[in-house]
There are 2 protein chains.
Amino acid sequence: MAEKKENLQGLTVKKAVDFSEWYNQAVLKAGLADYAPIRGFMVIMPSGYALWEQVQRGLDREFARLGVKNAYFPLLIPESFFKKEAEHAKGFAPELAWIEREADGERVAIRPTSETIIYSFFAKWIRSWRDLPFRMNQWCNVLRWEVKQTKLFLRTREFLWQEGHCAYATEKECVDEALVVLEEYEKFCQDVLAIPVVAGVKTEAERFAGAKDTFTVEALMPDGRALQMGTSHNLGQNFAKTFGVKFLDEKGVEQLVWQNSWGVSTRLIGALVMVHGDDKGLVIPPRIAPHKAVIVPIIFEDSKKDVLTAAGKLAEGLAEFSVFVDDRDQYSSGWKFNEWELNGIPLRIEIGPRDVKSGSCVIVRRDTGEKKTVKLSDARKTVENALEEIQTNLFSTAKSFLDKNTVEANSWNELGKAIEERKLVLAAFCGSAECGKKIKEKTTASSRCIPFNQKPAKSKCVVCGKPAEKKGFFAKSY
Amino acid sequence: MAEKKENLQGLTVKKAVDFSEWYNQAVLKAGLADYAPIRGFMVIMPSGYALWEQVQRGLDREFARLGVKNAYFPLLIPESFFKKEAEHAKGFAPELAWIEREADGERVAIRPTSETIIYSFFAKWIRSWRDLPFRMNQWCNVLRWEVKQTKLFLRTREFLWQEGHCAYATEKECVDEALVVLEEYEKFCQDVLAIPVVAGVKTEAERFAGAKDTFTVEALMPDGRALQMGTSHNLGQNFAKTFGVKFLDEKGVEQLVWQNSWGVSTRLIGALVMVHGDDKGLVIPPRIAPHKAVIVPIIFEDSKKDVLTAAGKLAEGLAEFSVFVDDRDQYSSGWKFNEWELNGIPLRIEIGPRDVKSGSCVIVRRDTGEKKTVKLSDARKTVENALEEIQTNLFSTAKSFLDKNTVEANSWNELGKAIEERKLVLAAFCGSAECGKKIKEKTTASSRCIPFNQKPAKSKCVVCGKPAEKKGFFAKSY
């Protein structure tokens, strides 16, 4: 606490040397988040929250296009609701936080997810085939009292997320849209966050509690651990049965609905930091960056006014990129360069007295450090192109890493070796809970997903040797 | 549950006859909200949540202009934090919901408001005068375990709100900005929600727990009860002292910061319904309406295609007003008219086969029911003007009501009589807790605020007869 702010600037470890400590420093020093006084909780600071708002805006647009409407359901869920769906109750019981007060004579817990309470309303609101598909989403906080160590954004007891909940007349529509949402998540991860993912279906043991099928998109972090980026669940009619979510079909016959639910959380921000950050700090992909560029005027007393005027004009011309001028007097230009590198803003634009005279500015890319002197009249076009190039470069760098670190294993030994080397491993897998458990015990890796669109092959499970038509991805994970 | 949806349409009570039941029906039948399974909680349904999103967007724009940044702080607050500020702890103790689990050996409660946890971070983050003013806001859920009866949007144990928290180097800046925010609330209520308000300062007894001064904007509901629309608190240095929020001034001397906090909640939506709604349902002021107009095509089998094409074209031309076509086959036009009146959409545009032939459409105002046949080429201009007129009309109608129902009382008897008549009463008031209590006991009315900008007068308190320089507003309240 007694340290000066200046001393706090810059990361003191290298990403390649101590990834875990590098990550913590990158998040804390860029002011994305801070640890809360209670273990397992975090504060999302303005720079981190601005990224979350960008995620919200981006996904809300797509959800609206799919006909999904936002709503808000209560924080507290009665005990009897959890108990209705046995698998669901069992899955979440260890992580619930109960309230000391009873509500109407019943225990209540803070939501770990909202299937139960939302579907009790679906039962009331949905009446006929005319009401279907019925699509809702909420952006909210949820709480799961995990005992594992906190990792900012990646593992906290409370986190922010969105949970979509939809009901359909047929299983086909239900599964199709669960997959459409998964594709939206995939597109968002790849096109906006510049994080390549693999998509597939979870094995039974890794499924969401109460789901018939869980679809997932998974990314590989630089330390060789997989991170679940988003999931979409086909709930079948499990919840419809227990909550009585029924509709009258066109013939007037009462039917159970088919349901899916899906979500992404603030852990996307953690993934962003891990995948793109470097030894200088964050690197924010342009499409998710709240500000695409900062203008740092190079100030000398005698030319200050002209430089600030030119910087202001330049910012106006670049308004479409949410560009701003860092005209703080109390910090040197060098200090500002370091700060904006730490914060990961995609482009830095320098303008000093000589630039003003020559009608130019210097544009510096955050990802490559490349500097370019350009005419002020070309600045807009250069910025636009550079942002596109950064976005592309970040994705292709991450994609190369993923490709290089994805390997196939044809035997139990190869699997063990590849996991030890921190790879994302594809291996023939029978999908049984037992074989999954054996892999976990031996390697600490877990089954991430059975990727989509595999040609059925006559392979043998690398664990039990029994016939396995499909291959699965395995990795250590967050 | 067995009723057909058709039978649920329309309100069965008149606003003037049973205001309370009218309000509940208006909220429920327009699908703004529903009661949760636990008493005291509510579900905010899509139409209600869309209004809240509009409030968020509108205020976020103004907050950003003031330099306020959004963040997110933990849901759970340790017991020791509450205890640090004695007044604050006392104020909220009865309404806290504690968790059965301890966190790091300490009891934790769901936030009723976040001063304590946020200021523990201010103490860490704020170091020097350079960091000031320090301005943050969070949009979140809070929980206050009230025992009074639930009133949708107006009184629920959990509600959504924003809470702004700022720190300054001087008391003057702190108070000035607390008042600037109050003005933003006032403008938002009046210019966007079309709800006239009175602004002033709370008496000591009505102040926020731990504040030095609480500023408020209050509106008068049609049943003659006042509703607190938003508050802004000058916290002085109370919390700075207990949480050690200090900064080094320009001379290097350690000083305590001055703080304010301020908030509005989802109750604004309740106010909106109460003030503008009528016997047909909601009337949403255009500036807050997510959709400003709905196009209802009048469908006959032989002209269906032409009418739908014309409706689609018209909607395109009116895209800036978020206009959409209600082309649902399963409902009659009459049913749709009723539904959109119930839902309060500002304008309904009808277009049928004869309109298509004559190149016109019919524009119907929700507030007055006035119908106008206009050329399709004039539709945009007519819609634009009509929306402005509706906004103005709603405000001026509400303002007339407020003016008509605001009276001065010059004696204890006049005060009692005016309160009985459900007025907003202005009376000379010494401001003491004792006199406030006497008024409450006699009339059930409370002191709402001491309005700003009064000329000091030599009056006598209508309760105790002691000298009173200022007048205060009294009313029954929500």
# chains A, B, ... in the order shown; residues from 1 in each chain; ligands from 1
>>> residues_around(residues="stretch 204-209 of chain B", least_positions_apart="5", cutoff="6 Å", atoms="only C-alpha atoms", output="list in words")
Glu87, His88, Gly91, Thr214 and Ala433 of chain B
>>> interface_residues(of="chain A", to="chain B", cutoff="7 Å", atoms="only C-alpha atoms", output="ChimeraX atom specification")
/A:38-39,41-46,49,69-74,97-101,103-104
>>> write_last_selection(atoms="N, CA and C atoms", output="PDB file, in the first residue's frame")
ATOM      1  N   ILE A  38     -13.729 -11.423   0.781  1.00  0.00           N
ATOM      2  CA  ILE A  38     -14.108 -12.805   1.059  1.00  0.00           C
ATOM      3  C   ILE A  38     -13.450 -13.692   0.020  1.00  0.00           C
ATOM      4  N   ARG A  39     -12.826 -14.747   0.482  1.00  0.00           N
ATOM      5  CA  ARG A  39     -12.168 -15.666  -0.424  1.00  0.00           C
ATOM      6  C   ARG A  39     -13.164 -16.209  -1.456  1.00  0.00           C
ATOM      7  N   PHE A  41     -14.321 -14.540  -4.054  1.00  0.00           N
ATOM      8  CA  PHE A  41     -15.071 -13.474  -4.732  1.00  0.00           C
ATOM      9  C   PHE A  41     -14.106 -12.480  -5.368  1.00  0.00           C
ATOM     10  N   MET A  42     -14.609 -11.719  -6.333  1.00  0.00           N
ATOM     11  CA  MET A  42     -13.764 -10.742  -6.995  1.00  0.00           C
ATOM     12  C   MET A  42     -14.547  -9.449  -7.233  1.00  0.00           C
ATOM     13  N   VAL A  43     -13.800  -8.376  -7.432  1.00  0.00           N
ATOM     14  CA  VAL A  43     -14.391  -7.125  -7.900  1.00  0.00           C
ATOM     15  C   VAL A  43     -14.043  -6.994  -9.372  1.00  0.00           C
ATOM     16  N   ILE A  44     -15.027  -6.731 -10.201  1.00  0.00           N
ATOM     17  CA  ILE A  44     -14.738  -6.451 -11.603  1.00  0.00           C
ATOM     18  C   ILE A  44     -14.581  -4.939 -11.729  1.00  0.00           C
ATOM     19  N   MET A  45     -13.372  -4.515 -12.021  1.00  0.00           N
ATOM     20  CA  MET A  45     -13.065  -3.089 -12.068  1.00  0.00           C
ATOM     21  C   MET A  45     -13.488  -2.500 -13.424  1.00  0.00           C
ATOM     22  N   PRO A  46     -13.497  -1.157 -13.540  1.00  0.00           N
ATOM     23  CA  PRO A  46     -14.049  -0.547 -14.757  1.00  0.00           C
ATOM     24  C   PRO A  46     -13.506  -1.097 -16.073  1.00  0.00           C
ATOM     25  N   TYR A  49     -15.050  -4.458 -16.498  1.00  0.00           N
ATOM     26  CA  TYR A  49     -16.487  -4.389 -16.703  1.00  0.00           C
ATOM     27  C   TYR A  49     -16.824  -3.847 -18.096  1.00  0.00           C
ATOM     28  N   LYS A  69     -35.737 -12.883 -25.687  1.00  0.00           N
ATOM     29  CA  LYS A  69     -36.031 -11.661 -24.941  1.00  0.00           C
ATOM     30  C   LYS A  69     -35.432 -11.715 -23.550  1.00  0.00           C
ATOM     31  N   ASN A  70     -34.896 -10.584 -23.094  1.00  0.00           N
ATOM     32  CA  ASN A  70     -34.295 -10.532 -21.762  1.00  0.00           C
ATOM     33  C   ASN A  70     -35.345 -10.354 -20.677  1.00  0.00           C
ATOM     34  N   ALA A  71     -35.102 -10.982 -19.545  1.00  0.00           N
ATOM     35  CA  ALA A  71     -35.985 -10.869 -18.385  1.00  0.00           C
ATOM     36  C   ALA A  71     -35.116 -10.974 -17.139  1.00  0.00           C
ATOM     37  N   TYR A  72     -35.754 -10.938 -15.971  1.00  0.00           N
ATOM     38  CA  TYR A  72     -34.989 -11.087 -14.739  1.00  0.00           C
ATOM     39  C   TYR A  72     -35.781 -11.894 -13.717  1.00  0.00           C
ATOM     40  N   PHE A  73     -35.162 -12.959 -13.222  1.00  0.00           N
ATOM     41  CA  PHE A  73     -35.804 -13.861 -12.261  1.00  0.00           C
ATOM     42  C   PHE A  73     -35.144 -13.738 -10.885  1.00  0.00           C
ATOM     43  N   PRO A  74     -35.867 -14.140  -9.828  1.00  0.00           N
ATOM     44  CA  PRO A  74     -35.363 -13.909  -8.464  1.00  0.00           C
ATOM     45  C   PRO A  74     -34.023 -14.584  -8.166  1.00  0.00           C
ATOM     46  N   ALA A  97     -25.517 -21.868  -1.473  1.00  0.00           N
ATOM     47  CA  ALA A  97     -25.417 -20.989  -0.299  1.00  0.00           C
ATOM     48  C   ALA A  97     -26.844 -20.712   0.175  1.00  0.00           C
ATOM     49  N   TRP A  98     -27.201 -21.300   1.312  1.00  0.00           N
ATOM     50  CA  TRP A  98     -28.545 -21.122   1.861  1.00  0.00           C
ATOM     51  C   TRP A  98     -28.612 -19.866   2.716  1.00  0.00           C
ATOM     52  N   ILE A  99     -29.813 -19.302   2.785  1.00  0.00           N
ATOM     53  CA  ILE A  99     -30.041 -18.093   3.582  1.00  0.00           C
ATOM     54  C   ILE A  99     -30.513 -18.513   4.973  1.00  0.00           C
ATOM     55  N   GLU A 100     -30.097 -17.768   5.993  1.00  0.00           N
ATOM     56  CA  GLU A 100     -30.536 -18.100   7.354  1.00  0.00           C
ATOM     57  C   GLU A 100     -32.040 -17.908   7.545  1.00  0.00           C
ATOM     58  N   ARG A 101     -32.596 -16.914   6.870  1.00  0.00           N
ATOM     59  CA  ARG A 101     -34.028 -16.671   6.981  1.00  0.00           C
ATOM     60  C   ARG A 101     -34.783 -17.701   6.160  1.00  0.00           C
ATOM     61  N   ALA A 103     -38.153 -18.489   3.909  1.00  0.00           N
ATOM     62  CA  ALA A 103     -39.136 -17.709   3.153  1.00  0.00           C
ATOM     63  C   ALA A 103     -40.405 -18.548   3.101  1.00  0.00           C
ATOM     64  N   ASP A 104     -41.459 -18.033   3.700  1.00  0.00           N
ATOM     65  CA  ASP A 104     -42.727 -18.767   3.748  1.00  0.00           C
ATOM     66  C   ASP A 104     -42.508 -20.192   4.267  1.00  0.00           C
TER      67      ASP A 104
END
>>> atom_distance(atom1="atom CA of A:Phe63", atom2="atom CA of B:Leu308")
25.6 Å
>>> select_by_dssp(residues="stretch 160-231 of chain B", states="helix (DSSP H, G or I)", output="MDAnalysis selection string")
chainID B and resid 171:192 204:206
>>> residues_around(residues="B:Ala240", least_positions_apart="4", cutoff="7 Å", atoms="only C-alpha atoms", output="JSON list (two decimals) with N, CA and C atoms, in the first residue's frame")
[["chain", "number", "residue", "atom", "x", "y", "z"],
["B", 244, "GLY", "N", -11.09, 4.38, 6.15],
["B", 244, "GLY", "CA", -9.74, 4.87, 5.88],
["B", 244, "GLY", "C", -9.52, 5.25, 4.43],
["B", 245, "VAL", "N", -10.49, 5.95, 3.84],
["B", 245, "VAL", "CA", -10.33, 6.38, 2.44],
["B", 245, "VAL", "C", -9.61, 7.73, 2.44],
["B", 256, "LEU", "N", -8.66, 12.96, 4.40],
["B", 256, "LEU", "CA", -9.80, 12.09, 4.15],
["B", 256, "LEU", "C", -10.56, 12.59, 2.92],
["B", 257, "VAL", "N", -11.10, 11.67, 2.12],
["B", 257, "VAL", "CA", -11.91, 12.11, 0.98],
["B", 257, "VAL", "C", -13.31, 12.48, 1.44]]
>>> residues_around(residues="B:Thr397", least_positions_apart="6", cutoff="10 Å", atoms="only C-alpha atoms", output="PDB file with N, CA and C atoms, in the first residue's frame")
ATOM      1  N   ALA B 194     -41.595  11.473 -18.351  1.00  0.00           N
ATOM      2  CA  ALA B 194     -42.742  12.404 -18.348  1.00  0.00           C
ATOM      3  C   ALA B 194     -43.440  12.445 -16.987  1.00  0.00           C
ATOM      4  N   ILE B 195     -42.640  12.297 -15.936  1.00  0.00           N
ATOM      5  CA  ILE B 195     -43.188  12.357 -14.581  1.00  0.00           C
ATOM      6  C   ILE B 195     -42.624  13.581 -13.868  1.00  0.00           C
ATOM      7  N   PRO B 196     -43.483  14.561 -13.536  1.00  0.00           N
ATOM      8  CA  PRO B 196     -42.996  15.748 -12.829  1.00  0.00           C
ATOM      9  C   PRO B 196     -42.593  15.382 -11.399  1.00  0.00           C
ATOM     10  N   VAL B 275     -48.524   6.621 -13.060  1.00  0.00           N
ATOM     11  CA  VAL B 275     -48.789   8.000 -13.479  1.00  0.00           C
ATOM     12  C   VAL B 275     -49.524   8.048 -14.817  1.00  0.00           C
ATOM     13  N   HIS B 276     -49.088   7.248 -15.796  1.00  0.00           N
ATOM     14  CA  HIS B 276     -49.625   7.415 -17.149  1.00  0.00           C
ATOM     15  C   HIS B 276     -50.713   6.416 -17.548  1.00  0.00           C
ATOM     16  N   ASP B 403     -49.777  19.872  -9.779  1.00  0.00           N
ATOM     17  CA  ASP B 403     -50.049  21.244  -9.349  1.00  0.00           C
ATOM     18  C   ASP B 403     -51.373  21.341  -8.599  1.00  0.00           C
TER      19      ASP B 403
END
>>> atom_distance(atom1="atom CA of A:Glu62", atom2="atom CA of B:Val296")
26.0 Å
>>> residues_around(residues="A:Lys84", least_positions_apart="5", cutoff="9 Å", atoms="only C-alpha atoms", output="list of chain:residue names")
A:Ala89, A:Thr116, A:Phe239, A:Thr242, A:Phe243
>>> write_last_selection(atoms="N, CA and C atoms", output="PDB file, in the first residue's frame")
ATOM      1  N   ALA A  89     -30.510 -31.415  -8.733  1.00  0.00           N
ATOM      2  CA  ALA A  89     -30.349 -31.172  -7.299  1.00  0.00           C
ATOM      3  C   ALA A  89     -29.027 -31.748  -6.811  1.00  0.00           C
ATOM      4  N   THR A 116     -34.635 -24.159 -12.531  1.00  0.00           N
ATOM      5  CA  THR A 116     -35.815 -24.545 -11.752  1.00  0.00           C
ATOM      6  C   THR A 116     -36.808 -23.400 -11.608  1.00  0.00           C
ATOM      7  N   PHE A 239     -36.929 -31.361 -17.426  1.00  0.00           N
ATOM      8  CA  PHE A 239     -37.469 -30.295 -16.586  1.00  0.00           C
ATOM      9  C   PHE A 239     -38.951 -30.074 -16.884  1.00  0.00           C
ATOM     10  N   THR A 242     -40.863 -32.415 -14.673  1.00  0.00           N
ATOM     11  CA  THR A 242     -40.888 -32.128 -13.242  1.00  0.00           C
ATOM     12  C   THR A 242     -41.573 -30.796 -12.932  1.00  0.00           C
ATOM     13  N   PHE A 243     -41.538 -29.853 -13.862  1.00  0.00           N
ATOM     14  CA  PHE A 243     -42.189 -28.571 -13.599  1.00  0.00           C
ATOM     15  C   PHE A 243     -43.528 -28.432 -14.326  1.00  0.00           C
TER      16      PHE A 243
END
>>> residues_around(residues="A:Glu434", least_positions_apart="6", cutoff="12 Å", atoms="only C-alpha atoms", output="VMD selection string")
chain A and resid 203 to 206 440 to 441 446 to 447 461 463 to 464
>>> closest_residue(among="B:Lys466, B:Arg287, B:Arg267, B:Arg348", to="B:Arg155", atoms="only C-alpha atoms")
B:Arg267
>>> closest_atom_pairs(of="stretch 144-256 of chain A", to="stretch 11-19 of chain A", cutoff="12 Å", atoms="only C-alpha atoms", output="JSON lines")
{"residue": "A:Met221", "atom": "CA", "partner": "A:Phe19", "partner_atom": "CA", "distance": 10.2}
{"residue": "A:Pro222", "atom": "CA", "partner": "A:Phe19", "partner_atom": "CA", "distance": 8.2}
{"residue": "A:Asp223", "atom": "CA", "partner": "A:Phe19", "partner_atom": "CA", "distance": 6.8}
{"residue": "A:Gly224", "atom": "CA", "partner": "A:Phe19", "partner_atom": "CA", "distance": 10.6}
{"residue": "A:Arg225", "atom": "CA", "partner": "A:Phe19", "partner_atom": "CA", "distance": 11.4}
>>> closest_residue(among="B:Val323, B:Leu387, B:Gly359, B:Asp306", to="B:Pro346", atoms="only C-alpha atoms")
B:Leu387
>>> residues_around(residues="stretch 182-184 of chain A", least_positions_apart="6", cutoff="8 Å", atoms="only C-alpha atoms", output="number ranges by chain")
A: 62, 215-217, 230-232
>>> write_last_selection(atoms="N, CA and C atoms", output="PDB file, in the first residue's frame")
ATOM      1  N   GLU A  62     -27.160 -10.645 -31.184  1.00  0.00           N
ATOM      2  CA  GLU A  62     -27.425 -11.943 -31.819  1.00  0.00           C
ATOM      3  C   GLU A  62     -28.629 -12.631 -31.182  1.00  0.00           C
ATOM      4  N   PHE A 215     -23.659 -29.383 -25.232  1.00  0.00           N
ATOM      5  CA  PHE A 215     -22.755 -28.986 -26.316  1.00  0.00           C
ATOM      6  C   PHE A 215     -21.820 -27.920 -25.778  1.00  0.00           C
ATOM      7  N   THR A 216     -20.598 -27.916 -26.270  1.00  0.00           N
ATOM      8  CA  THR A 216     -19.613 -27.007 -25.684  1.00  0.00           C
ATOM      9  C   THR A 216     -18.662 -26.454 -26.732  1.00  0.00           C
ATOM     10  N   VAL A 217     -18.150 -25.271 -26.484  1.00  0.00           N
ATOM     11  CA  VAL A 217     -16.994 -24.770 -27.244  1.00  0.00           C
ATOM     12  C   VAL A 217     -15.842 -24.620 -26.253  1.00  0.00           C
ATOM     13  N   GLY A 230     -18.228 -21.761 -23.488  1.00  0.00           N
ATOM     14  CA  GLY A 230     -19.677 -21.596 -23.478  1.00  0.00           C
ATOM     15  C   GLY A 230     -20.320 -22.954 -23.647  1.00  0.00           C
ATOM     16  N   THR A 231     -21.504 -23.117 -23.086  1.00  0.00           N
ATOM     17  CA  THR A 231     -22.195 -24.401 -23.248  1.00  0.00           C
ATOM     18  C   THR A 231     -23.650 -24.162 -23.608  1.00  0.00           C
ATOM     19  N   SER A 232     -24.217 -25.153 -24.266  1.00  0.00           N
ATOM     20  CA  SER A 232     -25.610 -25.118 -24.676  1.00  0.00           C
ATOM     21  C   SER A 232     -26.158 -26.515 -24.395  1.00  0.00           C
TER      22      SER A 232
END
>>> select_by_dssp(residues="stretch 134-348 of chain A", states="strand (DSSP E)", output="VMD selection string")
chain A and resid 134 to 143 158 to 168 198 to 201 213 to 220 225 to 236 246 to 248 254 to 256 258 to 265 293 to 297 324 to 325 347 to 348
>>> atom_distance(atom1="atom CA of A:Val307", atom2="atom CA of A:Gly369")
23.3 Å
